[in-house]
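**Q** This is upload_22.txt, which holds compact mmCIF, C-alpha atoms:
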```txt
# COMPACT_ATOMS: atom_id res chain seq x y z
CA MET A 1 -64.85 -41.41 -15.79
CA GLN A 2 -67.84 -39.05 -15.58
CA ASN A 3 -67.21 -38.48 -11.88
CA GLU A 4 -63.54 -37.91 -12.57
CA THR A 5 -64.35 -35.26 -15.20
CA SER A 6 -66.89 -33.66 -12.91
CA ASP A 7 -64.31 -33.57 -10.12
CA VAL A 8 -61.78 -31.87 -12.38
CA LEU A 9 -64.36 -29.24 -13.40
CA ASN A 10 -65.33 -28.58 -9.80
CA GLN A 11 -61.71 -28.33 -8.75
CA PHE A 12 -60.97 -25.92 -11.60
CA GLY A 13 -63.90 -23.76 -10.53
CA GLN A 14 -62.41 -23.65 -7.05
CA GLY A 15 -59.04 -22.53 -8.43
CA ASP A 16 -57.07 -25.76 -8.50
CA ALA A 17 -53.95 -25.37 -10.69
CA ASP A 18 -53.63 -29.11 -11.43
CA ALA A 19 -57.23 -29.21 -12.62
CA PHE A 20 -56.50 -26.29 -14.94
CA GLU A 21 -53.52 -28.13 -16.41
CA ALA A 22 -55.63 -31.26 -16.90
CA LEU A 23 -58.31 -29.23 -18.72
CA PHE A 24 -55.68 -27.47 -20.81
CA ARG A 25 -54.16 -30.76 -21.94
CA GLN A 26 -57.58 -32.26 -22.60
CA HIS A 27 -59.00 -29.34 -24.59
CA GLN A 28 -56.05 -27.52 -26.18
CA ARG A 29 -56.44 -29.38 -29.46
CA ALA A 30 -60.16 -28.61 -29.74
CA VAL A 31 -59.68 -24.96 -28.84
CA TYR A 32 -56.77 -24.66 -31.28
CA GLY A 33 -58.83 -26.27 -34.05
CA TRP A 34 -61.75 -23.92 -33.44
CA ILE A 35 -59.52 -20.83 -33.46
CA LEU A 36 -57.69 -22.03 -36.58
CA ARG A 37 -61.05 -22.30 -38.36
CA ILE A 38 -61.66 -18.63 -37.62
CA VAL A 39 -58.25 -17.04 -38.09
CA ARG A 40 -56.85 -19.52 -40.66
CA ASN A 41 -53.30 -18.90 -39.55
CA PRO A 42 -51.58 -21.75 -37.62
CA ALA A 43 -49.00 -19.58 -35.84
CA ALA A 44 -51.65 -17.08 -34.74
CA ALA A 45 -53.96 -19.92 -33.70
CA GLU A 46 -51.28 -21.28 -31.35
CA GLU A 47 -50.79 -17.89 -29.72
CA LEU A 48 -54.53 -17.32 -29.46
CA THR A 49 -55.04 -20.75 -27.90
CA VAL A 50 -52.69 -19.76 -25.08
CA GLU A 51 -54.45 -16.38 -24.81
CA SER A 52 -57.83 -18.14 -24.63
CA PHE A 53 -56.71 -20.44 -21.84
CA TRP A 54 -55.23 -17.44 -20.06
CA ARG A 55 -58.64 -15.78 -20.12
CA ILE A 56 -60.24 -19.08 -19.08
CA HIS A 57 -57.82 -19.24 -16.17
CA ARG A 58 -58.65 -15.70 -15.09
CA ALA A 59 -62.39 -16.33 -15.35
CA HIS A 60 -62.44 -19.59 -13.40
CA THR A 61 -64.59 -18.10 -10.62
CA ARG A 62 -67.36 -17.48 -13.17
CA PHE A 63 -67.21 -21.04 -14.51
CA ASN A 64 -70.30 -23.16 -13.91
CA PRO A 65 -69.34 -26.87 -13.93
CA ALA A 66 -72.97 -27.82 -14.61
CA GLN A 67 -72.84 -26.17 -18.05
CA GLY A 68 -69.70 -28.01 -19.16
CA PHE A 69 -66.28 -26.77 -20.15
CA GLU A 70 -66.18 -27.15 -23.93
CA GLY A 71 -68.92 -24.69 -24.85
CA TRP A 72 -67.68 -22.13 -22.36
CA ALA A 73 -64.11 -22.46 -23.62
CA ARG A 74 -65.32 -22.18 -27.20
CA ARG A 75 -67.17 -18.93 -26.48
CA ILE A 76 -64.06 -17.44 -24.89
CA ALA A 77 -61.88 -18.67 -27.78
CA THR A 78 -64.32 -17.13 -30.28
CA ARG A 79 -64.07 -13.76 -28.52
CA VAL A 80 -60.28 -13.98 -28.54
CA ALA A 81 -60.26 -14.83 -32.26
CA LEU A 82 -62.69 -12.01 -33.01
CA ASP A 83 -60.46 -9.54 -31.16
CA TRP A 84 -57.55 -10.74 -33.29
CA LEU A 85 -59.53 -10.35 -36.52
CA ARG A 86 -60.37 -6.80 -35.50
CA THR A 87 -56.72 -5.89 -35.15
CA LYS A 88 -55.34 -7.71 -38.19
CA ARG A 89 -55.82 -7.26 -41.89
CA THR A 90 -55.75 -10.95 -42.71
CA GLU A 91 -56.19 -10.66 -46.45
CA SER A 92 -52.56 -9.73 -46.87
CA GLU A 93 -51.26 -12.59 -44.80
CA LEU A 94 -53.69 -15.40 -45.53
CA PRO A 95 -51.48 -18.50 -45.91
CA LEU A 96 -51.79 -19.98 -49.37
CA GLU A 97 -52.47 -23.41 -47.93
CA PHE A 98 -55.88 -22.03 -46.92
CA CYS A 99 -56.71 -20.86 -50.43
CA ALA A 100 -57.85 -23.61 -52.72
CA GLU A 101 -57.65 -23.85 -56.43
CA VAL A 102 -60.84 -22.12 -57.42
CA ALA A 103 -62.95 -23.86 -59.96
CA ALA A 104 -63.84 -20.57 -61.57
CA PRO A 105 -66.98 -20.76 -63.64
CA VAL A 106 -65.42 -19.54 -66.86
CA ALA A 107 -61.68 -19.19 -66.38
CA THR A 108 -59.48 -22.14 -67.29
CA ASP A 109 -56.11 -20.40 -67.37
CA PRO A 110 -54.25 -21.29 -64.13
CA ALA A 111 -53.00 -17.72 -63.80
CA VAL A 112 -56.53 -16.35 -64.04
CA ILE A 113 -57.80 -18.95 -61.59
CA ALA A 114 -55.04 -18.04 -59.15
CA GLU A 115 -55.89 -14.35 -59.47
CA ILE A 116 -59.59 -14.96 -58.87
CA ARG A 117 -58.73 -17.14 -55.89
CA LEU A 118 -56.61 -14.38 -54.42
CA LYS A 119 -59.21 -11.69 -55.07
CA ILE A 120 -61.94 -13.71 -53.38
CA ALA A 121 -59.69 -14.30 -50.35
CA GLN A 122 -58.75 -10.62 -50.22
CA ALA A 123 -62.35 -9.47 -50.58
CA PHE A 124 -63.37 -11.89 -47.84
CA GLY A 125 -60.59 -10.50 -45.63
CA ARG A 126 -61.98 -6.99 -46.10
CA LEU A 127 -65.37 -7.92 -44.64
CA PRO A 128 -66.17 -6.59 -41.17
CA PRO A 129 -64.87 -9.14 -38.61
CA LYS A 130 -68.33 -9.85 -37.20
CA LEU A 131 -69.64 -10.81 -40.63
CA ARG A 132 -66.46 -12.65 -41.59
CA ILE A 133 -66.46 -14.84 -38.52
CA ALA A 134 -70.11 -15.84 -39.05
CA ALA A 135 -69.52 -16.62 -42.74
CA THR A 136 -66.31 -18.51 -42.00
CA LEU A 137 -67.93 -20.79 -39.47
CA ALA A 138 -71.31 -21.24 -41.14
CA VAL A 139 -70.34 -21.34 -44.82
CA ILE A 140 -66.70 -22.39 -45.12
CA GLU A 141 -66.48 -24.62 -42.06
CA GLU A 142 -70.11 -25.75 -42.41
CA GLN A 143 -70.77 -25.66 -38.69
CA THR A 144 -74.42 -25.79 -37.69
CA GLN A 145 -76.07 -22.40 -37.27
CA LYS A 146 -76.93 -23.36 -33.70
CA ASP A 147 -73.25 -24.01 -32.89
CA VAL A 148 -72.22 -20.74 -34.55
CA ALA A 149 -74.92 -18.86 -32.66
CA GLU A 150 -73.77 -20.34 -29.34
CA ALA A 151 -70.12 -19.56 -30.03
CA LEU A 152 -70.89 -15.98 -31.05
CA GLU A 153 -73.47 -15.59 -28.28
CA ILE A 154 -76.13 -14.40 -30.72
CA SER A 155 -79.40 -15.86 -32.04
CA VAL A 156 -79.67 -18.23 -35.01
CA ALA A 157 -81.58 -15.51 -36.87
CA ALA A 158 -78.68 -13.13 -36.30
CA VAL A 159 -76.25 -15.72 -37.70
CA LYS A 160 -78.38 -16.07 -40.85
CA LEU A 161 -78.51 -12.29 -41.24
CA ARG A 162 -74.75 -11.89 -40.80
CA VAL A 163 -74.02 -14.63 -43.32
CA PHE A 164 -76.41 -13.04 -45.83
CA ARG A 165 -74.84 -9.60 -45.34
CA ALA A 166 -71.34 -11.09 -45.66
CA LEU A 167 -72.17 -12.78 -48.95
CA ARG A 168 -73.87 -9.67 -50.31
CA LEU A 169 -70.89 -7.47 -49.42
CA LEU A 170 -68.50 -10.04 -50.88
CA ARG A 171 -70.43 -10.14 -54.13
CA LYS A 172 -70.49 -6.34 -54.31
CA ASP A 173 -66.73 -6.15 -53.68
CA LEU A 174 -66.00 -8.72 -56.40
CA GLU A 175 -68.27 -6.93 -58.87
CA GLN A 176 -66.38 -3.68 -58.22
CA GLN A 177 -63.20 -5.53 -59.17
CA GLY A 178 -64.78 -6.70 -62.41
CA ILE A 179 -65.46 -10.25 -61.23
CA THR A 180 -69.02 -11.36 -61.82
CA PRO A 181 -69.71 -14.28 -59.50
CA MET B 1 -79.36 -11.05 -53.97
CA ASN B 2 -81.73 -13.97 -54.41
CA ALA B 3 -81.41 -17.50 -53.00
CA HIS B 4 -79.72 -18.75 -56.16
CA ASP B 5 -77.07 -16.01 -55.97
CA GLU B 6 -76.58 -16.73 -52.30
CA GLU B 7 -75.95 -20.43 -52.95
CA ARG B 8 -73.57 -19.56 -55.77
CA MET B 9 -71.59 -17.20 -53.54
CA LYS B 10 -71.39 -19.88 -50.84
CA LYS B 11 -70.08 -22.37 -53.36
CA LEU B 12 -67.48 -19.92 -54.69
CA LEU B 13 -66.34 -19.10 -51.18
CA ARG B 14 -65.97 -22.76 -50.23
CA GLN B 15 -63.98 -23.39 -53.38
CA ALA B 16 -61.71 -20.43 -52.72
CA MET B 17 -61.20 -21.14 -49.03
CA PRO B 18 -61.55 -24.83 -48.16
CA PRO B 19 -62.42 -25.86 -44.59
CA VAL B 20 -59.69 -26.56 -42.07
CA LYS B 21 -59.01 -30.26 -41.64
CA ASN B 22 -60.71 -31.85 -38.66
CA ASP B 23 -57.47 -33.34 -37.39
CA ALA B 24 -55.74 -29.97 -37.17
CA GLU B 25 -53.62 -29.74 -34.08
CA PRO B 26 -50.93 -27.39 -32.81
CA GLY B 27 -47.43 -28.08 -34.07
CA ARG B 28 -46.12 -28.28 -30.51
CA ASP B 29 -47.25 -28.72 -26.95
CA LEU B 30 -48.62 -25.34 -25.85
CA TRP B 31 -48.45 -26.03 -22.12
CA PRO B 32 -44.89 -24.61 -21.73
CA ASP B 33 -46.14 -21.34 -23.30
CA MET B 34 -49.10 -21.39 -20.94
CA LEU B 35 -46.81 -21.94 -17.96
CA ARG B 36 -44.63 -19.00 -19.02
CA ARG B 37 -47.75 -16.86 -19.24
CA LEU B 38 -48.89 -17.95 -15.80
CA ASN B 39 -45.47 -17.32 -14.29
CA ALA B 40 -45.25 -13.90 -15.93
CA ASN B 41 -48.44 -12.89 -14.11
CA PRO B 42 -48.06 -14.52 -10.69
CA ALA B 43 -50.50 -12.08 -9.09
CA GLU B 44 -53.30 -13.68 -11.05
CA ASN B 45 -52.07 -17.23 -10.68
CA LEU B 46 -54.64 -19.67 -9.37
CA ALA B 47 -52.31 -20.69 -6.56
CA ALA B 48 -51.93 -17.08 -5.48
CA LYS B 49 -55.67 -16.63 -5.39
CA HIS B 50 -56.00 -18.27 -2.01
CA ALA B 51 -53.28 -16.20 -0.40
CA ALA B 52 -54.30 -13.89 2.46
CA PRO B 53 -56.03 -10.74 1.22
CA ALA B 54 -53.67 -7.79 0.95
CA MET B 55 -56.37 -5.31 1.95
CA PRO B 56 -56.36 -4.38 5.64
CA GLY B 57 -59.58 -4.61 7.60
CA TRP B 58 -60.13 -0.88 7.90
CA ALA B 59 -59.99 -0.52 4.12
CA CYS B 60 -63.23 -2.48 3.89
CA PHE B 61 -65.01 0.37 5.68
CA ASN B 62 -67.83 1.57 3.51
CA SER B 63 -67.71 5.36 3.55
CA ALA B 64 -70.73 6.00 1.31
CA TRP B 65 -73.06 6.74 4.23
CA PHE B 66 -70.46 9.06 5.78
CA ASP B 67 -70.16 11.06 2.54
CA GLY B 68 -73.94 11.42 2.44
CA ALA B 69 -74.14 12.54 6.07
CA LEU B 70 -71.34 15.08 5.60
CA LEU B 71 -73.03 16.54 2.53
CA ALA B 72 -76.37 16.76 4.35
CA GLY B 73 -74.66 18.51 7.27
CA LEU B 74 -73.03 21.08 5.00
CA VAL B 75 -76.30 21.78 3.20
CA ALA B 76 -78.07 22.26 6.57
CA LEU B 77 -75.30 24.55 7.77
CA ALA B 78 -75.55 26.67 4.62
CA ALA B 79 -79.35 26.81 4.93
CA PHE B 80 -79.41 27.89 8.58
CA PHE B 81 -76.28 30.06 8.50
CA PRO B 82 -75.95 31.57 5.02
CA ALA B 83 -72.97 33.59 6.18
CA THR B 84 -70.89 30.38 6.24
CA ILE B 85 -71.29 29.86 2.48
CA PRO B 86 -68.26 32.00 1.52
CA VAL B 87 -66.19 30.17 4.15
CA LEU B 88 -67.26 26.77 2.74
CA LEU B 89 -66.52 27.93 -0.80
CA TYR B 90 -63.10 29.14 0.30
CA TYR B 91 -62.22 25.68 1.62
CA LEU B 92 -63.57 23.76 -1.38
```
Re-express the file's structure as structure tokens.

**A**
Amino acid sequence: MQNETSDVLNQFGQGDADAFEALFRQHQRAVYGWILRIVRNPAAAEELTVESFWRIHRAHTRFNPAQGFEGWARRIATRVALDWLRTKRTESELPLEFCAEVAAPVATDPAVIAEIRLKIAQAFGRLPPKLRIAATLAVIEEQTQKDVAEALEISVAAVKLRVFRALRLLRKDLEQQGITP
Amino acid sequence: MNAHDEERMKKLLRQAMPPVKNDAEPGRDLWPDMLRRLNANPAENLAAKHAAPAMPGWACFNSAWFDGALLAGLVALAAFFPATIPVLLYYL
């Protein structure tokens, strides 16, 4: 099995179309799941998965089979998702299925809870994409900081800093709207 | 913002935007879309990669050294025969 996988990776690196299809079928779900975590929009995640594999396909000559496919594909998918975040204002189109019922500290009225939920999502959507992606992966998705750092191609310290800045900006935005977290 | 505030913000954020389920998968097979994308850009298709190079042999000629030599020649000409400078400027 290991040899078979290794063969497929080597063949992909050499430009074999069948090997690319095999890798696509094997990893499309993982890549889609990773992108969905970042963009939180299923339709966009499907499109971006295809875009990611397109970039993977174009970059096959730079692929190093010794370093494995999954991490490399994840880095490319992260860049694709980040590009998408930069061009979209997601706060206005965040699907409601990705907004939970907020257990607001003081509000008990469902209408108030729904409003707070929406304002938090909107404020989060207004964060700079670089900060948003770090906070999404590290805080919401609870990925390890090491994994986030590898995906974003930055250091663990930089991930911590981005998450801190994201939370501080989010708090400031909410306070300006009269919501005291 | 202290550590307590930071933890509180994290908690609020998680409550407002829950994590994506681990079993999330695309609603359809994406390979047909991928195939369409590959076929729409045949020039970059993996299969086309191994086709014969379109560039003729003479195009591989590296002219950098020739440019340098030509420039050096013109500078020497202008230095030894200053009267040629207006002629060179005319043809520039």

**Q** What's the 9 Å shell around Glu70 of chain A, counting only C-alpha atoms, without same-chain residues fewer than 6 positions away, as a VMD selection string?

**A** chain A and resid 27 30 to 31

**Q** Counting only C-alpha atoms, what is within 12 Å of Thr87 of chain A, bar same-chain residues fewer than 5 positions away, as a list of chain:residue names?

**A**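 Contacts, in chain order: A:Val39, A:Val80, A:Ala81, A:Leu82, A:Pro128, A:Pro129.
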
**Q** Just want the 12 Å neighbourhood of segment 27-44 of chain B, counted on all atoms listed in the file, with same-chain residues fewer than 5 positions away dropped. Output as a ChimeraX atom specification.

**A** /A:15,17-18,20-29,31-33,42-60 /B:49-51,53-54

**Q** Between atom CA of Gly71 of chain A and atom CA of Phe124 of chain A, what is the spacing in Å?

**A**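 Between atom CA of Phe124 of chain A and atom CA of Gly71 of chain A the gap works out to 26.9 Å.
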
**Q** Find the residue from A:Leu161, A:Leu127, A:Ala149, A:Ala135 that sits nearest to chain B; use all atoms listed in the file when measuring.

**A**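 Ranking A:Leu161, A:Leu127, A:Ala149, A:Ala135 by distance to chain B, first place goes to A:Ala135.
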
**Q** Enumerate, in order of chain and increasing residue number, the residues of chain B with an atom no farther than 8 Å from chain A, each with its shortest atom pair and distance in Å to one decimal, counting all atoms listed in the file, as a Markdown table.

**A**
```
| residue | atom | partner | partner_atom | distance |
| --- | --- | --- | --- | --- |
| B:Met1 | CA | A:Arg168 | CA | 6.7 |
| B:Glu6 | CA | A:Leu167 | CA | 6.8 |
| B:Arg8 | CA | A:Pro181 | CA | 7.5 |
| B:Met9 | CA | A:Leu167 | CA | 6.4 |
| B:Lys10 | CA | A:Val139 | CA | 6.3 |
| B:Leu12 | CA | A:Val102 | CA | 7.5 |
| B:Leu13 | CA | A:Ile140 | CA | 6.9 |
| B:Arg14 | CA | A:Ile140 | CA | 5.2 |
| B:Gln15 | CA | A:Val102 | CA | 5.3 |
| B:Ala16 | CA | A:Ala100 | CA | 5.0 |
| B:Met17 | CA | A:Cys99 | CA | 4.7 |
| B:Pro18 | CA | A:Ala100 | CA | 6.0 |
| B:Pro19 | CA | A:Glu141 | CA | 4.9 |
| B:Val20 | CA | A:Arg37 | CA | 5.8 |
| B:Asn22 | CA | A:Gly33 | CA | 7.5 |
| B:Asp23 | CA | A:Gly33 | CA | 7.9 |
| B:Ala24 | CA | A:Gly33 | CA | 5.7 |
| B:Glu25 | CA | A:Arg29 | CA | 5.4 |
| B:Pro26 | CA | A:Glu46 | CA | 6.3 |
| B:Leu30 | CA | A:Val50 | CA | 6.9 |
| B:Trp31 | CA | A:Arg25 | CA | 7.4 |
| B:Asp33 | CA | A:Val50 | CA | 7.0 |
| B:Met34 | CA | A:Val50 | CA | 5.7 |
| B:Arg37 | CA | A:Trp54 | CA | 7.5 |
| B:Leu38 | CA | A:Trp54 | CA | 7.7 |
| B:Glu44 | CA | A:Arg58 | CA | 7.0 |
| B:Leu46 | CA | A:Gly15 | CA | 5.3 |
| B:Ala47 | CA | A:Ala17 | CA | 6.5 |
| B:Lys49 | CA | A:Gly15 | CA | 7.4 |
```

**Q** Please save C-alpha atoms of the selected residues as a PDB file, keeping the file's coordinate frame.

**A**
```pdb
ATOM      1  CA  MET B   1     -79.360 -11.050 -53.970  1.00  0.00           C
ATOM      2  CA  GLU B   6     -76.580 -16.730 -52.300  1.00  0.00           C
ATOM      3  CA  ARG B   8     -73.570 -19.560 -55.770  1.00  0.00           C
ATOM      4  CA  MET B   9     -71.590 -17.200 -53.540  1.00  0.00           C
ATOM      5  CA  LYS B  10     -71.390 -19.880 -50.840  1.00  0.00           C
ATOM      6  CA  LEU B  12     -67.480 -19.920 -54.690  1.00  0.00           C
ATOM      7  CA  LEU B  13     -66.340 -19.100 -51.180  1.00  0.00           C
ATOM      8  CA  ARG B  14     -65.970 -22.760 -50.230  1.00  0.00           C
ATOM      9  CA  GLN B  15     -63.980 -23.390 -53.380  1.00  0.00           C
ATOM     10  CA  ALA B  16     -61.710 -20.430 -52.720  1.00  0.00           C
ATOM     11  CA  MET B  17     -61.200 -21.140 -49.030  1.00  0.00           C
ATOM     12  CA  PRO B  18     -61.550 -24.830 -48.160  1.00  0.00           C
ATOM     13  CA  PRO B  19     -62.420 -25.860 -44.590  1.00  0.00           C
ATOM     14  CA  VAL B  20     -59.690 -26.560 -42.070  1.00  0.00           C
ATOM     15  CA  ASN B  22     -60.710 -31.850 -38.660  1.00  0.00           C
ATOM     16  CA  ASP B  23     -57.470 -33.340 -37.390  1.00  0.00           C
ATOM     17  CA  ALA B  24     -55.740 -29.970 -37.170  1.00  0.00           C
ATOM     18  CA  GLU B  25     -53.620 -29.740 -34.080  1.00  0.00           C
ATOM     19  CA  PRO B  26     -50.930 -27.390 -32.810  1.00  0.00           C
ATOM     20  CA  LEU B  30     -48.620 -25.340 -25.850  1.00  0.00           C
ATOM     21  CA  TRP B  31     -48.450 -26.030 -22.120  1.00  0.00           C
ATOM     22  CA  ASP B  33     -46.140 -21.340 -23.300  1.00  0.00           C
ATOM     23  CA  MET B  34     -49.100 -21.390 -20.940  1.00  0.00           C
ATOM     24  CA  ARG B  37     -47.750 -16.860 -19.240  1.00  0.00           C
ATOM     25  CA  LEU B  38     -48.890 -17.950 -15.800  1.00  0.00           C
ATOM     26  CA  GLU B  44     -53.300 -13.680 -11.050  1.00  0.00           C
ATOM     27  CA  LEU B  46     -54.640 -19.670  -9.370  1.00  0.00           C
ATOM     28  CA  ALA B  47     -52.310 -20.690  -6.560  1.00  0.00           C
ATOM     29  CA  LYS B  49     -55.670 -16.630  -5.390  1.00  0.00           C
TER      30      LYS B  49
END
```

**Q** Listed atoms of segment 73-88 of chain A, axis-aligned box, 6 Å per side: centre and edge lengths to one decimal in Å, as lines of an AutoDock Vina configuration file?

**A**
```
center_x = -61.3
center_y = -14.2
center_z = -30.9
size_x = 23.8
size_y = 28.6
size_z = 26.6
```

**Q** Would you mind reading off the distance between atom CA of Leu174 of chain A and atom CA of Ile35 of chain A, one decimal, in Å?

**A**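 These atoms are spaced 26.7 Å apart.
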
**Q** Which distance in Å separates atom CA of Ala83 of chain B and atom CA of Leu71 of chain B, to one decimal?

**A**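 Separation between atom CA of Ala83 of chain B and atom CA of Leu71 of chain B: 17.4 Å.
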
**Q** Taking all atoms listed in the file into account, which of A:Asn10, A:Leu169, A:Trp84, A:Gln143 comes nearest Gly68 of chain A?

**A**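 Closest to Gly68 of chain A, using all atoms listed in the file: A:Asn10.
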
**Q** Can you give me N, CA and C atoms for segment 50-68 of chain A, written as a short mmCIF file (atom, residue, chain, number, x, y, z; two decimals), keeping the file's coordinate frame?

**A**
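Done, and the output landed in result02.cif:
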```cif
data_model
loop_
_atom_site.label_atom_id
_atom_site.label_comp_id
_atom_site.auth_asym_id
_atom_site.auth_seq_id
_atom_site.Cartn_x
_atom_site.Cartn_y
_atom_site.Cartn_z
N VAL A 50 -53.26 -20.08 -26.40
CA VAL A 50 -52.69 -19.76 -25.08
C VAL A 50 -53.43 -18.57 -24.46
N GLU A 51 -53.71 -17.55 -25.29
CA GLU A 51 -54.45 -16.38 -24.81
C GLU A 51 -55.84 -16.78 -24.32
N SER A 52 -56.49 -17.69 -25.04
CA SER A 52 -57.83 -18.14 -24.63
C SER A 52 -57.78 -18.83 -23.28
N PHE A 53 -56.80 -19.73 -23.11
CA PHE A 53 -56.71 -20.44 -21.84
C PHE A 53 -56.30 -19.49 -20.71
N TRP A 54 -55.57 -18.46 -21.07
CA TRP A 54 -55.23 -17.44 -20.06
C TRP A 54 -56.50 -16.76 -19.57
N ARG A 55 -57.37 -16.42 -20.51
CA ARG A 55 -58.64 -15.78 -20.12
C ARG A 55 -59.53 -16.77 -19.35
N ILE A 56 -59.48 -18.04 -19.78
CA ILE A 56 -60.24 -19.08 -19.08
C ILE A 56 -59.75 -19.17 -17.63
N HIS A 57 -58.45 -19.15 -17.49
CA HIS A 57 -57.82 -19.24 -16.17
C HIS A 57 -58.25 -18.07 -15.28
N ARG A 58 -58.28 -16.88 -15.86
CA ARG A 58 -58.65 -15.70 -15.09
C ARG A 58 -60.12 -15.69 -14.73
N ALA A 59 -60.93 -16.37 -15.56
CA ALA A 59 -62.39 -16.33 -15.35
C ALA A 59 -62.90 -17.57 -14.60
N HIS A 60 -62.01 -18.31 -13.97
CA HIS A 60 -62.44 -19.59 -13.40
C HIS A 60 -63.52 -19.44 -12.33
N THR A 61 -63.57 -18.27 -11.67
CA THR A 61 -64.59 -18.10 -10.62
C THR A 61 -65.99 -17.99 -11.22
N ARG A 62 -66.05 -17.61 -12.51
CA ARG A 62 -67.36 -17.48 -13.17
C ARG A 62 -67.78 -18.78 -13.86
N PHE A 63 -66.92 -19.79 -13.82
CA PHE A 63 -67.21 -21.04 -14.51
C PHE A 63 -68.27 -21.83 -13.75
N ASN A 64 -69.25 -22.32 -14.50
CA ASN A 64 -70.30 -23.16 -13.91
C ASN A 64 -70.11 -24.59 -14.39
N PRO A 65 -69.62 -25.49 -13.51
CA PRO A 65 -69.34 -26.87 -13.93
C PRO A 65 -70.57 -27.57 -14.53
N ALA A 66 -71.76 -27.16 -14.11
CA ALA A 66 -72.97 -27.82 -14.61
C ALA A 66 -73.18 -27.58 -16.10
N GLN A 67 -72.64 -26.49 -16.62
CA GLN A 67 -72.84 -26.17 -18.05
C GLN A 67 -71.73 -26.71 -18.94
N GLY A 68 -70.76 -27.40 -18.36
CA GLY A 68 -69.70 -28.01 -19.16
C GLY A 68 -68.61 -27.03 -19.53
#
```
